[in-house]
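Colleague: The following file, target13.pdb, comprises PDB, C-alpha atoms, pLDDT in the B column:
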```pdb
ATOM      1  CA  MET A   2      42.722   1.659   9.497  1.00 43.00           C
ATOM      2  CA  SER A   3      39.156   2.894  10.000  1.00 49.00           C
ATOM      3  CA  ALA A   4      37.185   2.368  13.177  1.00 53.00           C
ATOM      4  CA  PRO A   5      34.778  -0.569  13.145  1.00 53.00           C
ATOM      5  CA  THR A   6      31.205   0.317  12.318  1.00 65.00           C
ATOM      6  CA  GLU A   7      28.761  -0.080  15.185  1.00 73.00           C
ATOM      7  CA  PRO A   8      25.525  -1.886  14.362  1.00 75.00           C
ATOM      8  CA  ALA A   9      22.432   0.190  13.627  1.00 92.00           C
ATOM      9  CA  THR A  10      20.045   0.895  16.460  1.00 96.00           C
ATOM     10  CA  VAL A  11      16.325   0.330  15.903  1.00 97.00           C
ATOM     11  CA  LEU A  12      14.772   3.270  17.711  1.00 98.00           C
ATOM     12  CA  ARG A  13      11.188   2.622  16.674  1.00 98.00           C
ATOM     13  CA  ALA A  14       9.384  -0.316  15.079  1.00 98.00           C
ATOM     14  CA  ALA A  15       5.671   0.069  15.673  1.00 98.00           C
ATOM     15  CA  VAL A  16       2.180  -0.606  14.382  1.00 98.00           C
ATOM     16  CA  GLY A  17      -0.646   1.519  15.743  1.00 98.00           C
ATOM     17  CA  GLU A  18      -3.620   3.779  15.193  1.00 98.00           C
ATOM     18  CA  GLU A  19      -1.992   7.135  15.974  1.00 97.00           C
ATOM     19  CA  PRO A  20      -1.200   9.543  13.100  1.00 98.00           C
ATOM     20  CA  LEU A  21       2.381   9.240  11.839  1.00 98.00           C
ATOM     21  CA  ASP A  22       4.899  12.054  11.475  1.00 98.00           C
ATOM     22  CA  VAL A  23       7.845  11.360   9.183  1.00 98.00           C
ATOM     23  CA  ALA A  24       9.726  14.400  10.502  1.00 98.00           C
ATOM     24  CA  GLU A  25       9.514  12.932  14.014  1.00 98.00           C
ATOM     25  CA  HIS A  26      10.962   9.660  12.718  1.00 98.00           C
ATOM     26  CA  ALA A  27      13.801  11.591  11.028  1.00 98.00           C
ATOM     27  CA  ALA A  28      14.591  13.544  14.203  1.00 98.00           C
ATOM     28  CA  LEU A  29      14.595  10.306  16.183  1.00 98.00           C
ATOM     29  CA  VAL A  30      17.304   8.672  14.040  1.00 98.00           C
ATOM     30  CA  ASP A  31      19.493  11.733  13.479  1.00 97.00           C
ATOM     31  CA  GLY A  32      22.666  11.847  15.510  1.00 95.00           C
ATOM     32  CA  PRO A  33      26.362  12.705  15.511  1.00 95.00           C
ATOM     33  CA  ARG A  34      27.297   9.596  13.469  1.00 92.00           C
ATOM     34  CA  SER A  35      24.752  10.456  10.758  1.00 94.00           C
ATOM     35  CA  GLY A  36      26.016  11.809   7.463  1.00 96.00           C
ATOM     36  CA  ALA A  37      22.605  11.238   5.875  1.00 98.00           C
ATOM     37  CA  VAL A  38      19.010  10.769   6.984  1.00 98.00           C
ATOM     38  CA  VAL A  39      16.686   9.282   4.384  1.00 98.00           C
ATOM     39  CA  THR A  40      12.927   9.200   4.903  1.00 98.00           C
ATOM     40  CA  PHE A  41       9.962   7.585   3.239  1.00 98.00           C
ATOM     41  CA  SER A  42       6.343   8.551   3.651  1.00 98.00           C
ATOM     42  CA  GLY A  43       3.717   6.152   2.300  1.00 98.00           C
ATOM     43  CA  VAL A  44       0.705   8.408   1.790  1.00 97.00           C
ATOM     44  CA  VAL A  45      -2.913   7.465   1.069  1.00 96.00           C
ATOM     45  CA  ARG A  46      -3.658   8.534  -2.504  1.00 95.00           C
ATOM     46  CA  ASP A  47      -7.005   9.346  -4.098  1.00 96.00           C
ATOM     47  CA  HIS A  48      -6.849   6.706  -6.852  1.00 95.00           C
ATOM     48  CA  ASP A  49      -5.918   3.104  -7.515  1.00 93.00           C
ATOM     49  CA  HIS A  50      -5.822   1.433 -10.940  1.00 91.00           C
ATOM     50  CA  GLY A  51      -7.910   4.195 -12.507  1.00 93.00           C
ATOM     51  CA  ARG A  52     -10.569   4.196  -9.767  1.00 95.00           C
ATOM     52  CA  SER A  53     -11.258   7.090  -7.424  1.00 97.00           C
ATOM     53  CA  VAL A  54     -10.502   6.187  -3.783  1.00 97.00           C
ATOM     54  CA  ARG A  55     -12.485   7.910  -1.029  1.00 96.00           C
ATOM     55  CA  ALA A  56     -10.780   6.405   2.053  1.00 93.00           C
ATOM     56  CA  LEU A  57      -9.226   3.224   3.324  1.00 95.00           C
ATOM     57  CA  ASP A  58      -8.902   1.111   6.406  1.00 97.00           C
ATOM     58  CA  TYR A  59      -5.902  -0.983   7.438  1.00 97.00           C
ATOM     59  CA  GLU A  60      -6.422  -4.136   9.500  1.00 96.00           C
ATOM     60  CA  GLY A  61      -3.458  -5.721  11.235  1.00 96.00           C
ATOM     61  CA  HIS A  62      -2.870  -9.226  12.537  1.00 96.00           C
ATOM     62  CA  PRO A  63      -1.992  -9.325  16.271  1.00 97.00           C
ATOM     63  CA  SER A  64       1.573 -10.324  15.280  1.00 97.00           C
ATOM     64  CA  ALA A  65       2.105  -7.172  13.183  1.00 98.00           C
ATOM     65  CA  GLY A  66       4.052  -5.367  15.911  1.00 97.00           C
ATOM     66  CA  SER A  67       6.546  -8.182  16.385  1.00 98.00           C
ATOM     67  CA  VAL A  68       6.881  -8.651  12.612  1.00 98.00           C
ATOM     68  CA  VAL A  69       7.773  -4.986  12.025  1.00 98.00           C
ATOM     69  CA  GLU A  70      10.353  -5.290  14.839  1.00 98.00           C
ATOM     70  CA  GLU A  71      11.871  -8.338  13.081  1.00 98.00           C
ATOM     71  CA  VAL A  72      11.950  -6.538   9.736  1.00 98.00           C
ATOM     72  CA  ALA A  73      13.661  -3.485  11.227  1.00 98.00           C
ATOM     73  CA  ALA A  74      16.239  -5.636  13.026  1.00 97.00           C
ATOM     74  CA  ASP A  75      16.920  -7.662   9.861  1.00 96.00           C
ATOM     75  CA  VAL A  76      17.484  -4.538   7.767  1.00 97.00           C
ATOM     76  CA  ALA A  77      19.599  -2.920  10.500  1.00 96.00           C
ATOM     77  CA  GLY A  78      21.883  -5.944  10.520  1.00 94.00           C
ATOM     78  CA  ARG A  79      22.375  -6.106   6.757  1.00 95.00           C
ATOM     79  CA  PHE A  80      23.637  -2.582   6.056  1.00 95.00           C
ATOM     80  CA  PRO A  81      27.039  -1.640   7.495  1.00 94.00           C
ATOM     81  CA  GLY A  82      27.239   2.101   7.971  1.00 95.00           C
ATOM     82  CA  VAL A  83      23.560   2.469   8.876  1.00 97.00           C
ATOM     83  CA  THR A  84      23.387   4.060  12.311  1.00 97.00           C
ATOM     84  CA  ALA A  85      19.680   4.104  13.226  1.00 98.00           C
ATOM     85  CA  ILE A  86      16.246   3.051  11.953  1.00 98.00           C
ATOM     86  CA  ALA A  87      12.702   4.092  12.806  1.00 98.00           C
ATOM     87  CA  VAL A  88       9.629   2.618  11.112  1.00 98.00           C
ATOM     88  CA  SER A  89       5.899   2.722  11.841  1.00 98.00           C
ATOM     89  CA  HIS A  90       2.794   1.464  10.046  1.00 98.00           C
ATOM     90  CA  ARG A  91      -0.628   2.825  10.802  1.00 98.00           C
ATOM     91  CA  ILE A  92      -3.779   0.739  11.123  1.00 98.00           C
ATOM     92  CA  GLY A  93      -7.419   1.767  11.342  1.00 98.00           C
ATOM     93  CA  PRO A  94      -9.311   4.249   9.160  1.00 98.00           C
ATOM     94  CA  LEU A  95      -7.192   6.640   7.084  1.00 97.00           C
ATOM     95  CA  ALA A  96      -8.178   9.566   4.875  1.00 96.00           C
ATOM     96  CA  ILE A  97      -6.630  10.726   1.622  1.00 97.00           C
ATOM     97  CA  GLY A  98      -3.286  12.358   2.427  1.00 97.00           C
ATOM     98  CA  ASP A  99      -2.726  10.486   5.703  1.00 98.00           C
ATOM     99  CA  VAL A 100       0.622   8.770   6.240  1.00 98.00           C
ATOM    100  CA  ALA A 101       0.235   4.986   6.362  1.00 98.00           C
ATOM    101  CA  LEU A 102       3.954   4.089   6.519  1.00 98.00           C
ATOM    102  CA  ALA A 103       6.724   6.250   7.960  1.00 98.00           C
ATOM    103  CA  CYS A 104      10.389   5.267   7.727  1.00 98.00           C
ATOM    104  CA  ALA A 105      13.631   7.036   8.562  1.00 98.00           C
ATOM    105  CA  VAL A 106      17.123   5.621   8.188  1.00 98.00           C
ATOM    106  CA  ALA A 107      20.313   7.355   9.257  1.00 98.00           C
ATOM    107  CA  GLY A 108      23.636   6.336   7.817  1.00 97.00           C
ATOM    108  CA  GLU A 109      27.231   7.419   7.860  1.00 96.00           C
ATOM    109  CA  HIS A 110      26.867   8.064   4.108  1.00 96.00           C
ATOM    110  CA  ARG A 111      23.916   8.600   1.783  1.00 97.00           C
ATOM    111  CA  ARG A 112      24.221   5.386  -0.278  1.00 97.00           C
ATOM    112  CA  GLU A 113      23.710   2.961   2.603  1.00 96.00           C
ATOM    113  CA  ALA A 114      20.940   5.142   4.051  1.00 98.00           C
ATOM    114  CA  PHE A 115      19.081   5.157   0.703  1.00 98.00           C
ATOM    115  CA  ASP A 116      19.637   1.442   0.149  1.00 98.00           C
ATOM    116  CA  ALA A 117      18.542   0.474   3.662  1.00 98.00           C
ATOM    117  CA  CYS A 118      15.451   2.705   3.528  1.00 98.00           C
ATOM    118  CA  SER A 119      14.406   1.178   0.199  1.00 98.00           C
ATOM    119  CA  GLU A 120      14.922  -2.329   1.566  1.00 98.00           C
ATOM    120  CA  LEU A 121      13.019  -1.436   4.748  1.00 98.00           C
ATOM    121  CA  VAL A 122       9.973  -0.244   2.782  1.00 98.00           C
ATOM    122  CA  ASP A 123      10.029  -3.297   0.494  1.00 98.00           C
ATOM    123  CA  GLU A 124      10.371  -5.744   3.396  1.00 98.00           C
ATOM    124  CA  VAL A 125       7.603  -4.089   5.430  1.00 98.00           C
ATOM    125  CA  LYS A 126       5.268  -4.257   2.438  1.00 95.00           C
ATOM    126  CA  ARG A 127       6.241  -7.875   1.778  1.00 96.00           C
ATOM    127  CA  ARG A 128       6.204  -9.294   5.317  1.00 97.00           C
ATOM    128  CA  LEU A 129       3.897  -7.192   7.479  1.00 96.00           C
ATOM    129  CA  PRO A 130       0.508  -8.859   8.106  1.00 96.00           C
ATOM    130  CA  VAL A 131      -1.544  -5.726   7.428  1.00 96.00           C
ATOM    131  CA  TRP A 132      -4.372  -5.629   4.902  1.00 95.00           C
ATOM    132  CA  LYS A 133      -6.030  -2.679   3.205  1.00 95.00           C
ATOM    133  CA  ARG A 134      -9.741  -2.178   2.519  1.00 96.00           C
ATOM    134  CA  GLN A 135     -10.256   0.553  -0.064  1.00 95.00           C
ATOM    135  CA  GLU A 136     -13.496   2.503  -0.322  1.00 95.00           C
ATOM    136  CA  PHE A 137     -14.147   3.850  -3.806  1.00 96.00           C
ATOM    137  CA  ALA A 138     -16.096   6.955  -4.805  1.00 95.00           C
ATOM    138  CA  ASP A 139     -18.766   4.783  -6.476  1.00 95.00           C
ATOM    139  CA  GLY A 140     -19.554   3.147  -3.091  1.00 94.00           C
ATOM    140  CA  SER A 141     -17.800  -0.147  -3.806  1.00 95.00           C
ATOM    141  CA  GLU A 142     -14.878  -1.501  -1.807  1.00 95.00           C
ATOM    142  CA  GLU A 143     -12.067  -4.014  -2.184  1.00 94.00           C
ATOM    143  CA  TRP A 144      -9.519  -5.736   0.034  1.00 93.00           C
ATOM    144  CA  VAL A 145      -5.888  -5.512  -1.091  1.00 87.00           C
ATOM    145  CA  ASN A 146      -3.081  -7.910  -0.082  1.00 76.00           C
ATOM    146  CA  CYS A 147      -5.548  -9.978   1.880  1.00 72.00           C
ATOM    147  CA  PRO A 148      -4.906 -13.755   2.060  1.00 62.00           C
TER     148      PRO A 148
END
```
Could the structure of this file be written out as structure tokens, please?
Modeller:
Amino acid sequence: MSAPTEPATVLRAAVGEEPLDVAEHAALVDGPRSGAVVTFSGVVRDHDHGRSVRALDYEGHPSAGSVVEEVAADVAGRFPGVTAIAVSHRIGPLAIGDVALACAVAGEHRREAFDACSELVDEVKRRLPVWKRQEFADGSEEWVNCP
């Protein structure tokens, strides 16, 4: 009979203006129970739907911090074998190549770590009240995911 699996620990769930480091998130979740650490880095790209993007700015609702905490806790509770989670979303002005979303999930095995990390990214994108204003090379701009 195998030992019962302890629930995952959420070690970071944050929204802020500081630059994000995915390697730091990975180091935070790694531990002796971890057989796998899966990371995701959502990076600002230089194009969107065929248009050249110069920069972007993320605006967050005041509830964004508590929402990302809820998302992380929800995902942590749904994946047996996941040992730890860290997730952060950046707000404010970002340049091409900056990390906007950093996630790290540690699991006893790779499958649950991959599955939980994928679910974490999808749920953050779906539920987090953060909106993106893109600045295009032609001087125009557009809001994305804005109600």
Colleague: Work out how far apart atom CA of A:Phe137 and atom CA of A:Arg55 are and give it in Å to one decimal.
Modeller: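 Rounded to one decimal, the two atoms are 5.2 Å apart.
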Colleague: Please provide as a list in words all residues within 9 Å of A:Leu102, with the sequence filter that same-chain residues fewer than 6 positions apart are discarded (counting only C-alpha atoms).
Modeller: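 In the requested format, the answer is Leu21, Val23, Phe41, Ser42, Gly43, Val44, Val88, Ser89, His90, Arg91 and Val122 of chain A.
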Colleague: How many Å lie between atom CA of A:Thr10 and atom CA of A:Lys133, rounded to one decimal?
Modeller: 29.5 Å
Colleague: Can you measure atom CA of A:Ala15 to atom CA of A:Ala105 for me? One decimal in Å is fine.
Modeller: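 The value is 12.7 Å.
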Colleague: So that I can check the surroundings of stretch 69-83 of chain A, please list as a ChimeraX atom specification every protein, DNA and RNA residue that reaches within 7 Å of it, counting all atoms listed in the file and ignoring chain neighbours fewer than 5 positions away.
Modeller: /A:6,8-9,11,14-15,107-109,113-114,117,121,124-125,129
Colleague: I would like the residues chosen by the PyMOL selection byres ((chain A and resi 30) around 6) on the shown file; could you give them as a PyMOL selection string?
Modeller: chain A and resi 27-29+31+85+107
Colleague: Using the chain letters and numbering of this document, enumerate as a ChimeraX atom specification the residues selected by the PyMOL selection byres ((chain A and resi 58) around 7).
Modeller: /A:57,59-60,92-95,133-135
Colleague: Is it possible to add N, CA, C and O atoms to stretch 117-133 of chain A and hand it back as a compact mmCIF listing (two decimals), in the frame of the given file?
Modeller:
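Saved as result_10.txt:
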```txt
# COMPACT_ATOMS: atom_id res chain seq x y z
N ALA A 117 19.22 1.08 2.52
CA ALA A 117 18.54 0.47 3.66
C ALA A 117 17.09 0.94 3.76
O ALA A 117 16.20 0.14 4.07
N CYS A 118 16.83 2.21 3.47
CA CYS A 118 15.45 2.70 3.53
C CYS A 118 14.59 2.02 2.47
O CYS A 118 13.46 1.60 2.74
N SER A 119 15.13 1.87 1.27
CA SER A 119 14.41 1.18 0.20
C SER A 119 14.10 -0.27 0.59
O SER A 119 12.98 -0.76 0.42
N GLU A 120 15.10 -0.94 1.13
CA GLU A 120 14.92 -2.33 1.57
C GLU A 120 13.91 -2.41 2.71
O GLU A 120 13.08 -3.33 2.75
N LEU A 121 13.95 -1.46 3.62
CA LEU A 121 13.02 -1.44 4.75
C LEU A 121 11.58 -1.32 4.25
O LEU A 121 10.71 -2.08 4.67
N VAL A 122 11.32 -0.41 3.34
CA VAL A 122 9.97 -0.24 2.78
C VAL A 122 9.53 -1.52 2.08
O VAL A 122 8.42 -2.01 2.30
N ASP A 123 10.39 -2.07 1.23
CA ASP A 123 10.03 -3.30 0.49
C ASP A 123 9.73 -4.46 1.44
O ASP A 123 8.76 -5.20 1.24
N GLU A 124 10.56 -4.63 2.46
CA GLU A 124 10.37 -5.74 3.40
C GLU A 124 9.12 -5.55 4.25
O GLU A 124 8.41 -6.53 4.54
N VAL A 125 8.84 -4.34 4.67
CA VAL A 125 7.60 -4.09 5.43
C VAL A 125 6.40 -4.43 4.56
O VAL A 125 5.48 -5.14 5.00
N LYS A 126 6.40 -3.97 3.33
CA LYS A 126 5.27 -4.26 2.44
C LYS A 126 5.14 -5.76 2.15
O LYS A 126 4.04 -6.27 2.01
N ARG A 127 6.27 -6.45 2.09
CA ARG A 127 6.24 -7.88 1.78
C ARG A 127 5.84 -8.73 2.98
O ARG A 127 5.08 -9.68 2.85
N ARG A 128 6.34 -8.40 4.16
CA ARG A 128 6.20 -9.29 5.32
C ARG A 128 5.15 -8.89 6.34
O ARG A 128 4.69 -9.75 7.11
N LEU A 129 4.79 -7.63 6.41
CA LEU A 129 3.90 -7.19 7.48
C LEU A 129 2.47 -7.70 7.26
O LEU A 129 1.90 -7.47 6.19
N PRO A 130 1.88 -8.37 8.25
CA PRO A 130 0.51 -8.86 8.11
C PRO A 130 -0.51 -7.76 8.37
O PRO A 130 -1.19 -7.71 9.40
N VAL A 131 -0.59 -6.84 7.40
CA VAL A 131 -1.54 -5.73 7.43
C VAL A 131 -2.25 -5.71 6.08
O VAL A 131 -1.61 -5.83 5.04
N TRP A 132 -3.57 -5.59 6.12
CA TRP A 132 -4.37 -5.63 4.90
C TRP A 132 -5.17 -4.36 4.76
O TRP A 132 -5.61 -3.77 5.75
N LYS A 133 -5.40 -3.96 3.52
CA LYS A 133 -6.03 -2.68 3.20
C LYS A 133 -7.40 -2.90 2.57
O LYS A 133 -7.52 -3.65 1.61
```
